[in-house]
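> First the structure, which I've put down as structure tokens, then a few questions once you've had a look.
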Amino acid sequence: MSWGSPFFVIAIIAISTGGWLINNWLRARHGYALEDEWGGKTGPSSPDTERKIELLTNENENLTGKISHLEERIAVLERIATDSSSRLSEEIENLR
């Protein structure tokens, strides 16, 4: 077998990948943090993380509601700014 043959290179890659998979499987089985492809660690989510996600989700919903309300107000202001003055005065008189 030649050291530079494609079979040898593929075998080295397969052995490395298999070792990485077995390592992560054992770590997950025993509750350790997992490694990603770049050596970073990922662990199980903590209750603090779950709480932060819940708070951010609620804040996101509130902000989305505020944005839609502001979009409606801007649409009204644009309509007032682009309408003719006679139509605007008629609508004001109808409101009184």
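So you can find residues: chains in the structure tokens are A, B, ... in the order shown, residues in each start at 1, and ligands are numbered from 1 in order.
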Run DSSP on the backbone and tell me which residues of chain A come out as strand (DSSP E or B); list them as a PyMOL selection string.
chain A and resi 34-35+41-42
> From the DSSP assignment of the backbone, select every residue of chain A that is alpha helix (DSSP H), and format the answer as a PyMOL selection string.
chain A and resi 6-29+47-82+85-95
> Counting only C-alpha atoms, figure out which residue out of A:Val9, A:Lys41, A:Ser2, A:Ala75 gets nearest to Arg27 (chain A).
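Of the candidates, the smallest distance to Arg27 (chain A) is held by A:Lys41.
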> Could you work out how far CA of Asn24 (chain A) lies from CA of Trp38 (chain A), giving the answer in Å with one decimal?
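Between these atoms lies a distance of 13.3 Å.
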> In Å, with one decimal, what is the gap from CA of Trp20 (chain A) to CA of Tyr32 (chain A)?
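Separation between CA of Trp20 (chain A) and CA of Tyr32 (chain A): 14.5 Å.
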